[in-house]
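Containing compact mmCIF, C-alpha atoms: run24.txt.
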# COMPACT_ATOMS: atom_id res chain seq x y z
CA ALA I 1 71.89 172.43 104.82
CA GLN I 2 69.61 175.37 104.24
CA SER I 3 71.52 178.50 103.27
CA VAL I 4 71.17 181.99 101.86
CA THR I 5 73.89 183.59 99.79
CA GLN I 6 74.18 187.31 99.25
CA LEU I 7 76.77 188.13 96.62
CA GLY I 8 78.79 191.19 97.54
CA SER I 9 79.17 192.32 101.12
CA HIS I 10 79.52 195.92 99.89
CA VAL I 11 77.85 197.51 96.89
CA SER I 12 78.38 201.11 95.81
CA VAL I 13 76.14 202.93 93.35
CA SER I 14 75.75 206.51 92.23
CA GLU I 15 72.66 208.44 93.17
CA GLY I 16 70.06 207.84 90.47
CA ALA I 17 71.61 204.56 89.32
CA LEU I 18 70.02 201.14 89.42
CA VAL I 19 70.34 199.20 92.65
CA LEU I 20 70.71 195.42 92.33
CA LEU I 21 71.37 193.31 95.41
CA ARG I 22 71.65 189.60 94.81
CA CYS I 23 70.25 186.77 96.88
CA ASN I 24 70.26 183.03 96.20
CA TYR I 25 68.91 180.35 98.46
CA SER I 26 69.16 176.60 98.69
CA SER I 27 65.89 174.81 99.04
CA SER I 28 64.13 171.68 97.94
CA VAL I 29 60.79 172.95 99.24
CA PRO I 30 58.91 176.16 98.48
CA PRO I 31 60.28 178.96 100.61
CA TYR I 32 58.99 182.22 101.91
CA LEU I 33 61.48 184.95 101.06
CA PHE I 34 62.18 188.27 102.72
CA TRP I 35 64.32 191.36 102.39
CA TYR I 36 65.08 193.39 105.48
CA VAL I 37 66.91 196.69 105.76
CA GLN I 38 68.85 198.04 108.71
CA TYR I 39 69.55 201.76 108.82
CA PRO I 40 72.27 202.99 111.18
CA ASN I 41 71.33 202.61 114.84
CA GLN I 42 67.96 201.12 113.98
CA GLY I 43 66.40 197.68 113.99
CA LEU I 44 65.61 195.41 111.08
CA GLN I 45 62.76 196.69 108.97
CA LEU I 46 60.85 194.54 106.52
CA LEU I 47 61.21 195.81 102.94
CA LEU I 48 59.16 193.15 101.20
CA LYS I 49 58.28 189.48 101.27
CA TYR I 50 57.23 186.70 98.96
CA THR I 51 54.93 184.00 100.27
CA THR I 52 52.74 182.78 97.41
CA GLY I 53 51.20 184.20 94.25
CA ALA I 54 52.77 186.85 92.07
CA THR I 55 56.50 186.36 91.80
CA LEU I 56 57.27 190.06 91.42
CA VAL I 57 56.88 191.65 94.80
CA LYS I 58 56.81 195.38 95.47
CA GLY I 59 57.96 196.76 98.77
CA ILE I 60 58.48 200.03 100.53
CA ASN I 61 60.66 202.90 99.33
CA GLY I 62 60.44 201.85 95.68
CA PHE I 63 62.14 198.48 96.08
CA GLU I 64 60.97 195.30 94.41
CA ALA I 65 62.18 191.72 94.13
CA GLU I 66 61.40 188.82 91.84
CA PHE I 67 61.20 185.21 92.95
CA LYS I 68 62.74 182.96 90.30
CA LYS I 69 62.31 179.36 91.29
CA SER I 70 64.39 178.00 88.42
CA GLU I 71 67.33 180.14 89.51
CA THR I 72 66.63 179.88 93.28
CA SER I 73 67.02 183.64 93.40
CA PHE I 74 65.28 186.60 94.97
CA HIS I 75 67.26 189.65 93.87
CA LEU I 76 66.34 193.10 95.17
CA THR I 77 66.17 196.04 92.79
CA LYS I 78 65.37 199.73 92.75
CA PRO I 79 65.43 201.71 89.51
CA SER I 80 66.98 204.87 90.95
CA ALA I 81 69.08 204.99 94.10
CA HIS I 82 68.65 207.75 96.63
CA MET I 83 71.11 208.82 99.29
CA SER I 84 68.64 207.70 101.94
CA ASP I 85 68.92 204.11 100.66
CA ALA I 86 72.36 203.77 102.21
CA ALA I 87 71.95 200.94 104.71
CA GLU I 88 72.60 197.25 105.18
CA TYR I 89 70.26 194.84 103.44
CA PHE I 90 69.55 191.27 104.48
CA CYS I 91 67.92 188.51 102.50
CA ALA I 92 66.17 185.82 104.54
CA VAL I 93 64.30 182.61 103.93
CA ARG I 94 61.68 180.74 105.87
CA TYR I 95 61.45 177.14 104.86
CA ASN I 96 58.14 175.28 104.94
CA THR I 97 59.40 172.57 107.18
CA GLY I 98 59.29 171.94 110.90
CA THR I 99 61.31 175.14 111.27
CA ALA I 100 58.49 177.24 109.88
CA SER I 101 58.83 180.00 112.42
CA LYS I 102 62.48 180.84 112.04
CA LEU I 103 64.41 182.69 109.40
CA THR I 104 67.72 181.85 107.81
CA PHE I 105 69.58 185.02 106.88
CA GLY I 106 72.32 185.88 104.45
CA THR I 107 75.42 187.73 105.59
CA GLY I 108 74.10 191.11 104.48
CA THR I 109 75.03 193.64 101.82
CA ARG I 110 76.02 197.15 102.76
CA LEU I 111 74.79 199.62 100.16
CA GLN I 112 76.68 202.87 99.68
CA VAL I 113 75.16 205.63 97.57
CA THR I 114 77.49 208.29 96.21
CA LEU I 115 76.84 211.63 94.59
CA GLU D 1 51.18 200.59 118.74
CA ALA D 2 54.50 200.39 120.55
CA GLY D 3 57.13 198.34 118.78
CA VAL D 4 59.51 195.74 120.09
CA THR D 5 61.72 197.30 122.74
CA GLN D 6 65.15 196.06 123.67
CA PHE D 7 67.48 197.27 126.36
CA PRO D 8 70.12 198.11 126.95
CA SER D 9 70.98 199.33 123.48
CA HIS D 10 74.67 198.86 124.21
CA SER D 11 76.54 196.90 126.83
CA VAL D 12 80.26 196.57 127.40
CA ILE D 13 81.33 193.96 129.94
CA GLU D 14 84.47 192.13 130.86
CA LYS D 15 85.04 188.50 130.09
CA GLY D 16 83.64 186.36 132.87
CA GLN D 17 80.95 188.81 133.89
CA THR D 18 77.22 188.31 133.57
CA VAL D 19 74.93 190.30 131.32
CA THR D 20 71.15 190.24 130.99
CA LEU D 21 69.42 191.50 127.89
CA ARG D 22 65.75 192.31 127.90
CA CYS D 23 63.10 192.30 125.19
CA ASP D 24 59.59 193.66 125.45
CA PRO D 25 57.52 192.36 122.54
CA ILE D 26 54.50 194.02 121.03
CA SER D 27 51.60 193.60 123.41
CA GLY D 28 49.56 190.52 122.58
CA HIS D 29 52.24 188.84 120.47
CA ASP D 30 52.49 185.21 121.51
CA ASN D 31 55.66 184.53 119.55
CA LEU D 32 59.00 185.93 120.67
CA TYR D 33 62.33 185.19 119.02
CA TRP D 34 65.96 185.90 119.75
CA TYR D 35 68.57 186.22 117.04
CA ARG D 36 72.24 187.15 117.13
CA ARG D 37 74.68 188.61 114.66
CA VAL D 38 78.37 188.33 115.35
CA MET D 39 80.46 190.84 113.44
CA GLY D 40 80.52 190.31 109.70
CA LYS D 41 78.47 187.16 109.78
CA GLU D 42 74.86 186.28 109.21
CA ILE D 43 72.06 186.86 111.67
CA LYS D 44 71.42 183.54 113.38
CA PHE D 45 68.39 182.19 115.14
CA LEU D 46 68.78 181.48 118.85
CA LEU D 47 65.37 180.50 120.15
CA HIS D 48 61.63 180.88 119.92
CA PHE D 49 59.06 181.29 122.68
CA VAL D 50 55.34 180.73 122.34
CA LYS D 51 53.97 182.59 125.31
CA GLU D 52 56.13 181.38 128.20
CA SER D 53 57.16 178.09 126.62
CA LYS D 54 60.32 177.45 124.66
CA GLN D 55 59.18 176.18 121.28
CA ASP D 56 62.60 175.86 119.68
CA GLU D 57 65.95 176.50 121.31
CA SER D 58 68.06 174.75 118.73
CA GLY D 59 70.15 177.85 118.05
CA MET D 60 71.36 178.47 121.59
CA PRO D 61 75.14 178.20 121.39
CA ASN D 62 75.84 176.61 124.79
CA ASN D 63 74.67 176.43 128.38
CA ARG D 64 76.13 179.83 129.24
CA PHE D 65 73.01 181.27 127.62
CA LEU D 66 69.72 181.22 129.50
CA ALA D 67 66.51 182.65 128.12
CA GLU D 68 63.30 183.15 130.01
CA ARG D 69 59.92 184.63 129.31
CA THR D 70 58.12 185.26 132.53
CA GLY D 71 54.35 185.12 132.25
CA GLY D 72 54.55 185.16 128.50
CA THR D 73 55.32 188.86 128.39
CA TYR D 74 58.87 190.22 128.29
CA SER D 75 61.88 188.00 127.81
CA THR D 76 65.41 188.06 129.17
CA LEU D 77 68.55 186.53 127.75
CA LYS D 78 71.31 186.03 130.27
CA VAL D 79 74.89 185.26 129.37
CA GLN D 80 76.91 183.87 132.26
CA PRO D 81 79.87 183.92 132.20
CA ALA D 82 80.40 186.01 129.08
CA GLU D 83 83.18 185.11 126.66
CA LEU D 84 84.81 187.21 123.95
CA GLU D 85 83.01 185.31 121.19
CA ASP D 86 79.65 186.34 122.62
CA SER D 87 80.18 189.86 121.28
CA GLY D 88 77.65 190.86 118.67
CA VAL D 89 74.22 192.34 118.18
CA TYR D 90 71.31 190.52 119.77
CA PHE D 91 67.96 191.04 118.10
CA CYS D 92 64.54 190.25 119.42
CA ALA D 93 61.45 189.86 117.27
CA SER D 94 57.81 189.14 117.98
CA SER D 95 54.82 188.08 115.95
CA GLN D 96 51.18 187.31 116.44
CA LYS D 97 49.85 183.81 117.00
CA GLY D 98 49.78 181.94 113.72
CA GLN D 99 52.03 184.42 111.92
CA GLY D 100 55.42 182.96 112.68
CA ALA D 101 58.17 184.37 110.53
CA ARG D 102 55.72 186.00 108.13
CA GLY D 103 54.82 188.63 110.68
CA TYR D 104 58.03 189.46 112.49
CA THR D 105 58.60 192.87 114.02
CA PHE D 106 62.19 193.32 115.11
CA GLY D 107 63.60 195.45 117.88
CA SER D 108 66.59 197.73 117.46
CA GLY D 109 68.95 195.22 118.99
CA THR D 110 71.42 195.19 121.85
CA ARG D 111 75.06 195.56 120.92
CA LEU D 112 77.09 193.47 123.34
CA THR D 113 80.84 193.90 123.56
CA VAL D 114 82.84 191.55 125.74
CA VAL D 115 86.38 192.75 126.46

Mind turning this structure into structure tokens?
Amino acid sequence: AQSVTQLGSHVSVSEGALVLLRCNYSSSVPPYLFWYVQYPNQGLQLLLKYTTGATLVKGINGFEAEFKKSETSFHLTKPSAHMSDAAEYFCAVRYNTGTASKLTFGTGTRLQVTL
Amino acid sequence: EAGVTQFPSHSVIEKGQTVTLRCDPISGHDNLYWYRRVMGKEIKFLLHFVKESKQDESGMPNNRFLAERTGGTYSTLKVQPAELEDSGVYFCASSQKGQGARGYTFGSGTRLTVV
């Protein structure tokens, strides 16, 4: 079965520290990969996506993610955390199969940023 | 451009009652999707409309859920009768023809609490 695993339901970092949120997927076909963010009382906002081409993808708010096929991973990073980054982050996959229009999500990682 | 609008933003109903959630997609978006997140779990696909037609309803949990998209514009998701396990956040997303999951715009969600 297709699945997305996000390691760590809660991650806490200090302001200015590196943010690393992990995402692994299961797939035997090339996927499209996404990171979404949900701020309190808001909807899901697309941070970045990988479809084809360059495996290092840059997104909004200084975030980036690297697609590593050999590791079936798409980890999200940001060099320096800001208080405004506190939110819940979701990794998602679209598989190039008959289900091309729907996303499979991970369980989410809540990021806390402390002073 | 107006985004995807969902209402109500919150709904609290008693077990056995009926609730109707509404989603207004971005104007001109043929694709409309419903997703649901029960507390602490992943966001799961419910169904996909292309205009007024149900393209994929494989994620609908049971026949207490009825989705419609009148005239290919707004969509409603009715739960009748509601059960405790239906509590969660219901998200709607839309995308342009041919974009599928690559071009989702999500709404803010409806938080449904069944007591």

- Message: Residues of chain D within 9 Å of chain I, counting all atoms listed in the file - could you list those as number ranges by chain?
- Response: D: 33, 40-45, 47-48, 56, 91, 99-102, 104-109

Can I get the selection written as an mmCIF file, keeping the file's coordinate frame, with C-alpha atoms?
data_model
loop_
_atom_site.group_PDB
_atom_site.id
_atom_site.type_symbol
_atom_site.label_atom_id
_atom_site.label_comp_id
_atom_site.auth_asym_id
_atom_site.auth_seq_id
_atom_site.Cartn_x
_atom_site.Cartn_y
_atom_site.Cartn_z
ATOM 1 C CA TYR D 33 62.330 185.190 119.020
ATOM 2 C CA GLY D 40 80.520 190.310 109.700
ATOM 3 C CA LYS D 41 78.470 187.160 109.780
ATOM 4 C CA GLU D 42 74.860 186.280 109.210
ATOM 5 C CA ILE D 43 72.060 186.860 111.670
ATOM 6 C CA LYS D 44 71.420 183.540 113.380
ATOM 7 C CA PHE D 45 68.390 182.190 115.140
ATOM 8 C CA LEU D 47 65.370 180.500 120.150
ATOM 9 C CA HIS D 48 61.630 180.880 119.920
ATOM 10 C CA ASP D 56 62.600 175.860 119.680
ATOM 11 C CA PHE D 91 67.960 191.040 118.100
ATOM 12 C CA GLN D 99 52.030 184.420 111.920
ATOM 13 C CA GLY D 100 55.420 182.960 112.680
ATOM 14 C CA ALA D 101 58.170 184.370 110.530
ATOM 15 C CA ARG D 102 55.720 186.000 108.130
ATOM 16 C CA TYR D 104 58.030 189.460 112.490
ATOM 17 C CA THR D 105 58.600 192.870 114.020
ATOM 18 C CA PHE D 106 62.190 193.320 115.110
ATOM 19 C CA GLY D 107 63.600 195.450 117.880
ATOM 20 C CA SER D 108 66.590 197.730 117.460
ATOM 21 C CA GLY D 109 68.950 195.220 118.990
#

- Note on the structure: Shortest contact to I:Thr109, candidates I:Ser27, I:Leu76, I:Leu48, I:Met83, atoms counted only C-alpha atoms, goes to I:Leu76

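From atom CA of D:Asp30 back to atom CA of I:Lys58, the distance works out to 28.3 Å.
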
- Atomic distance atom CA of D:Ala82 - atom CA of D:Ser94, expressed in Å with one decimal: 25.4 Å

Could you list, as a compact mmCIF listing (two decimals) with C-alpha atoms, keeping the file's coordinate frame, every residue within 9 Å of D:Tyr90, counting all atoms listed in the file and ignoring same-chain residues fewer than 4 positions away?
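Result written to selection_20.txt:
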# COMPACT_ATOMS: atom_id res chain seq x y z
CA LEU D 21 69.42 191.50 127.89
CA TRP D 34 65.96 185.90 119.75
CA TYR D 35 68.57 186.22 117.04
CA ARG D 36 72.24 187.15 117.13
CA ARG D 37 74.68 188.61 114.66
CA VAL D 38 78.37 188.33 115.35
CA ILE D 43 72.06 186.86 111.67
CA SER D 108 66.59 197.73 117.46
CA GLY D 109 68.95 195.22 118.99
CA THR D 110 71.42 195.19 121.85
CA ARG D 111 75.06 195.56 120.92
CA LEU D 112 77.09 193.47 123.34

Save N, CA and C atoms of stretch 47-96 of chain D from the block above as a PDB file, in the first residue's frame.
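File selection-v4.pdb, as written:
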ATOM      1  N   LEU D  47     -13.193  12.228  -1.813  1.00  0.00           N
ATOM      2  CA  LEU D  47     -13.654  12.080  -3.187  1.00  0.00           C
ATOM      3  C   LEU D  47     -13.225  13.240  -4.054  1.00  0.00           C
ATOM      4  N   HIS D  48     -13.420  13.044  -5.338  1.00  0.00           N
ATOM      5  CA  HIS D  48     -12.977  13.985  -6.372  1.00  0.00           C
ATOM      6  C   HIS D  48     -14.100  14.186  -7.375  1.00  0.00           C
ATOM      7  N   PHE D  49     -14.448  15.452  -7.602  1.00  0.00           N
ATOM      8  CA  PHE D  49     -15.384  15.821  -8.657  1.00  0.00           C
ATOM      9  C   PHE D  49     -14.606  16.415  -9.837  1.00  0.00           C
ATOM     10  N   VAL D  50     -15.061  16.086 -11.037  1.00  0.00           N
ATOM     11  CA  VAL D  50     -14.691  16.864 -12.212  1.00  0.00           C
ATOM     12  C   VAL D  50     -15.985  17.488 -12.699  1.00  0.00           C
ATOM     13  N   LYS D  51     -16.030  18.777 -12.603  1.00  0.00           N
ATOM     14  CA  LYS D  51     -17.296  19.515 -12.803  1.00  0.00           C
ATOM     15  C   LYS D  51     -18.348  18.890 -11.899  1.00  0.00           C
ATOM     16  N   GLU D  52     -19.466  18.441 -12.435  1.00  0.00           N
ATOM     17  CA  GLU D  52     -20.514  17.911 -11.557  1.00  0.00           C
ATOM     18  C   GLU D  52     -20.439  16.406 -11.373  1.00  0.00           C
ATOM     19  N   SER D  53     -19.481  15.769 -12.019  1.00  0.00           N
ATOM     20  CA  SER D  53     -19.391  14.305 -11.980  1.00  0.00           C
ATOM     21  C   SER D  53     -18.400  13.816 -10.936  1.00  0.00           C
ATOM     22  N   LYS D  54     -18.776  12.751 -10.262  1.00  0.00           N
ATOM     23  CA  LYS D  54     -17.859  12.121  -9.309  1.00  0.00           C
ATOM     24  C   LYS D  54     -16.839  11.294 -10.073  1.00  0.00           C
ATOM     25  N   GLN D  55     -15.589  11.705  -9.998  1.00  0.00           N
ATOM     26  CA  GLN D  55     -14.516  11.012 -10.704  1.00  0.00           C
ATOM     27  C   GLN D  55     -13.984   9.837  -9.882  1.00  0.00           C
ATOM     28  N   ASP D  56     -13.921  10.053  -8.573  1.00  0.00           N
ATOM     29  CA  ASP D  56     -13.344   9.047  -7.682  1.00  0.00           C
ATOM     30  C   ASP D  56     -13.947   9.261  -6.306  1.00  0.00           C
ATOM     31  N   GLU D  57     -14.705   8.290  -5.829  1.00  0.00           N
ATOM     32  CA  GLU D  57     -15.264   8.412  -4.482  1.00  0.00           C
ATOM     33  C   GLU D  57     -14.806   7.259  -3.600  1.00  0.00           C
ATOM     34  N   SER D  58     -13.630   6.768  -3.908  1.00  0.00           N
ATOM     35  CA  SER D  58     -13.113   5.597  -3.210  1.00  0.00           C
ATOM     36  C   SER D  58     -12.819   5.829  -1.734  1.00  0.00           C
ATOM     37  N   GLY D  59     -12.702   7.082  -1.324  1.00  0.00           N
ATOM     38  CA  GLY D  59     -12.370   7.381   0.059  1.00  0.00           C
ATOM     39  C   GLY D  59     -13.563   7.650   0.953  1.00  0.00           C
ATOM     40  N   MET D  60     -14.746   7.644   0.410  1.00  0.00           N
ATOM     41  CA  MET D  60     -15.937   7.907   1.216  1.00  0.00           C
ATOM     42  C   MET D  60     -16.107   6.762   2.217  1.00  0.00           C
ATOM     43  N   PRO D  61     -16.229   7.096   3.491  1.00  0.00           N
ATOM     44  CA  PRO D  61     -16.184   6.022   4.504  1.00  0.00           C
ATOM     45  C   PRO D  61     -17.396   5.100   4.507  1.00  0.00           C
ATOM     46  N   ASN D  62     -18.572   5.606   4.232  1.00  0.00           N
ATOM     47  CA  ASN D  62     -19.777   4.767   4.240  1.00  0.00           C
ATOM     48  C   ASN D  62     -20.934   5.569   3.643  1.00  0.00           C
ATOM     49  N   ASN D  63     -22.098   4.937   3.596  1.00  0.00           N
ATOM     50  CA  ASN D  63     -23.223   5.588   2.913  1.00  0.00           C
ATOM     51  C   ASN D  63     -23.921   6.650   3.754  1.00  0.00           C
ATOM     52  N   ARG D  64     -23.359   6.977   4.912  1.00  0.00           N
ATOM     53  CA  ARG D  64     -23.897   8.121   5.653  1.00  0.00           C
ATOM     54  C   ARG D  64     -23.372   9.438   5.083  1.00  0.00           C
ATOM     55  N   PHE D  65     -22.411   9.348   4.198  1.00  0.00           N
ATOM     56  CA  PHE D  65     -21.812  10.526   3.582  1.00  0.00           C
ATOM     57  C   PHE D  65     -22.324  10.672   2.153  1.00  0.00           C
ATOM     58  N   LEU D  66     -22.811  11.872   1.845  1.00  0.00           N
ATOM     59  CA  LEU D  66     -23.309  12.138   0.500  1.00  0.00           C
ATOM     60  C   LEU D  66     -22.728  13.453   0.014  1.00  0.00           C
ATOM     61  N   ALA D  67     -22.036  13.396  -1.105  1.00  0.00           N
ATOM     62  CA  ALA D  67     -21.453  14.600  -1.684  1.00  0.00           C
ATOM     63  C   ALA D  67     -22.133  14.925  -2.993  1.00  0.00           C
ATOM     64  N   GLU D  68     -22.325  16.221  -3.211  1.00  0.00           N
ATOM     65  CA  GLU D  68     -22.921  16.680  -4.452  1.00  0.00           C
ATOM     66  C   GLU D  68     -22.186  17.920  -4.930  1.00  0.00           C
ATOM     67  N   ARG D  69     -22.290  18.136  -6.217  1.00  0.00           N
ATOM     68  CA  ARG D  69     -21.709  19.347  -6.795  1.00  0.00           C
ATOM     69  C   ARG D  69     -22.659  19.827  -7.882  1.00  0.00           C
ATOM     70  N   THR D  70     -23.569  20.643  -7.453  1.00  0.00           N
ATOM     71  CA  THR D  70     -24.634  21.116  -8.316  1.00  0.00           C
ATOM     72  C   THR D  70     -24.088  22.040  -9.403  1.00  0.00           C
ATOM     73  N   GLY D  71     -24.353  21.695 -10.651  1.00  0.00           N
ATOM     74  CA  GLY D  71     -23.960  22.563 -11.748  1.00  0.00           C
ATOM     75  C   GLY D  71     -22.462  22.734 -11.897  1.00  0.00           C
ATOM     76  N   GLY D  72     -21.714  21.901 -11.233  1.00  0.00           N
ATOM     77  CA  GLY D  72     -20.270  21.997 -11.342  1.00  0.00           C
ATOM     78  C   GLY D  72     -19.664  23.194 -10.657  1.00  0.00           C
ATOM     79  N   THR D  73     -20.422  23.805  -9.748  1.00  0.00           N
ATOM     80  CA  THR D  73     -19.884  24.963  -9.030  1.00  0.00           C
ATOM     81  C   THR D  73     -19.538  24.568  -7.609  1.00  0.00           C
ATOM     82  N   TYR D  74     -20.353  24.983  -6.627  1.00  0.00           N
ATOM     83  CA  TYR D  74     -20.040  24.652  -5.237  1.00  0.00           C
ATOM     84  C   TYR D  74     -20.391  23.196  -4.962  1.00  0.00           C
ATOM     85  N   SER D  75     -19.853  22.697  -3.870  1.00  0.00           N
ATOM     86  CA  SER D  75     -20.112  21.317  -3.478  1.00  0.00           C
ATOM     87  C   SER D  75     -20.596  21.285  -2.029  1.00  0.00           C
ATOM     88  N   THR D  76     -21.423  20.296  -1.740  1.00  0.00           N
ATOM     89  CA  THR D  76     -21.841  20.046  -0.362  1.00  0.00           C
ATOM     90  C   THR D  76     -21.483  18.630   0.029  1.00  0.00           C
ATOM     91  N   LEU D  77     -21.200  18.463   1.293  1.00  0.00           N
ATOM     92  CA  LEU D  77     -20.934  17.146   1.864  1.00  0.00           C
ATOM     93  C   LEU D  77     -21.861  16.999   3.064  1.00  0.00           C
ATOM     94  N   LYS D  78     -22.784  16.071   2.935  1.00  0.00           N
ATOM     95  CA  LYS D  78     -23.778  15.863   3.980  1.00  0.00           C
ATOM     96  C   LYS D  78     -23.445  14.598   4.749  1.00  0.00           C
ATOM     97  N   VAL D  79     -23.549  14.689   6.055  1.00  0.00           N
ATOM     98  CA  VAL D  79     -23.356  13.524   6.913  1.00  0.00           C
ATOM     99  C   VAL D  79     -24.681  13.280   7.634  1.00  0.00           C
ATOM    100  N   GLN D  80     -25.259  12.096   7.420  1.00  0.00           N
ATOM    101  CA  GLN D  80     -26.577  11.812   7.953  1.00  0.00           C
ATOM    102  C   GLN D  80     -26.764  10.312   8.162  1.00  0.00           C
ATOM    103  N   PRO D  81     -26.975   9.856   9.385  1.00  0.00           N
ATOM    104  CA  PRO D  81     -26.834  10.584  10.638  1.00  0.00           C
ATOM    105  C   PRO D  81     -25.366  10.616  11.080  1.00  0.00           C
ATOM    106  N   ALA D  82     -25.001  11.665  11.769  1.00  0.00           N
ATOM    107  CA  ALA D  82     -23.607  11.803  12.201  1.00  0.00           C
ATOM    108  C   ALA D  82     -23.302  10.868  13.362  1.00  0.00           C
ATOM    109  N   GLU D  83     -22.098  10.330  13.367  1.00  0.00           N
ATOM    110  CA  GLU D  83     -21.602   9.479  14.438  1.00  0.00           C
ATOM    111  C   GLU D  83     -20.378  10.152  15.071  1.00  0.00           C
ATOM    112  N   LEU D  84     -20.017   9.693  16.259  1.00  0.00           N
ATOM    113  CA  LEU D  84     -18.896  10.299  16.974  1.00  0.00           C
ATOM    114  C   LEU D  84     -17.612  10.253  16.158  1.00  0.00           C
ATOM    115  N   GLU D  85     -17.408   9.153  15.430  1.00  0.00           N
ATOM    116  CA  GLU D  85     -16.158   8.992  14.687  1.00  0.00           C
ATOM    117  C   GLU D  85     -16.062   9.880  13.457  1.00  0.00           C
ATOM    118  N   ASP D  86     -17.142  10.617  13.171  1.00  0.00           N
ATOM    119  CA  ASP D  86     -17.100  11.542  12.037  1.00  0.00           C
ATOM    120  C   ASP D  86     -16.431  12.865  12.408  1.00  0.00           C
ATOM    121  N   SER D  87     -16.162  13.054  13.685  1.00  0.00           N
ATOM    122  CA  SER D  87     -15.492  14.280  14.128  1.00  0.00           C
ATOM    123  C   SER D  87     -14.130  14.409  13.470  1.00  0.00           C
ATOM    124  N   GLY D  88     -13.813  15.645  13.069  1.00  0.00           N
ATOM    125  CA  GLY D  88     -12.531  15.902  12.445  1.00  0.00           C
ATOM    126  C   GLY D  88     -12.590  17.201  11.656  1.00  0.00           C
ATOM    127  N   VAL D  89     -11.560  17.431  10.898  1.00  0.00           N
ATOM    128  CA  VAL D  89     -11.520  18.619  10.040  1.00  0.00           C
ATOM    129  C   VAL D  89     -11.693  18.173   8.602  1.00  0.00           C
ATOM    130  N   TYR D  90     -12.649  18.773   7.931  1.00  0.00           N
ATOM    131  CA  TYR D  90     -12.953  18.453   6.546  1.00  0.00           C
ATOM    132  C   TYR D  90     -12.404  19.561   5.657  1.00  0.00           C
ATOM    133  N   PHE D  91     -11.513  19.172   4.766  1.00  0.00           N
ATOM    134  CA  PHE D  91     -10.883  20.121   3.857  1.00  0.00           C
ATOM    135  C   PHE D  91     -11.429  19.944   2.452  1.00  0.00           C
ATOM    136  N   CYS D  92     -11.538  21.051   1.775  1.00  0.00           N
ATOM    137  CA  CYS D  92     -11.888  21.051   0.366  1.00  0.00           C
ATOM    138  C   CYS D  92     -10.715  21.656  -0.399  1.00  0.00           C
ATOM    139  N   ALA D  93     -10.492  21.170  -1.597  1.00  0.00           N
ATOM    140  CA  ALA D  93      -9.457  21.729  -2.452  1.00  0.00           C
ATOM    141  C   ALA D  93      -9.990  21.779  -3.881  1.00  0.00           C
ATOM    142  N   SER D  94      -9.466  22.702  -4.658  1.00  0.00           N
ATOM    143  CA  SER D  94      -9.832  22.738  -6.071  1.00  0.00           C
ATOM    144  C   SER D  94      -8.589  22.947  -6.919  1.00  0.00           C
ATOM    145  N   SER D  95      -8.696  22.562  -8.172  1.00  0.00           N
ATOM    146  CA  SER D  95      -7.593  22.790  -9.104  1.00  0.00           C
ATOM    147  C   SER D  95      -8.151  22.929 -10.511  1.00  0.00           C
ATOM    148  N   GLN D  96      -7.333  23.516 -11.366  1.00  0.00           N
ATOM    149  CA  GLN D  96      -7.752  23.718 -12.745  1.00  0.00           C
ATOM    150  C   GLN D  96      -7.759  22.407 -13.504  1.00  0.00           C
TER     151      GLN D  96
END
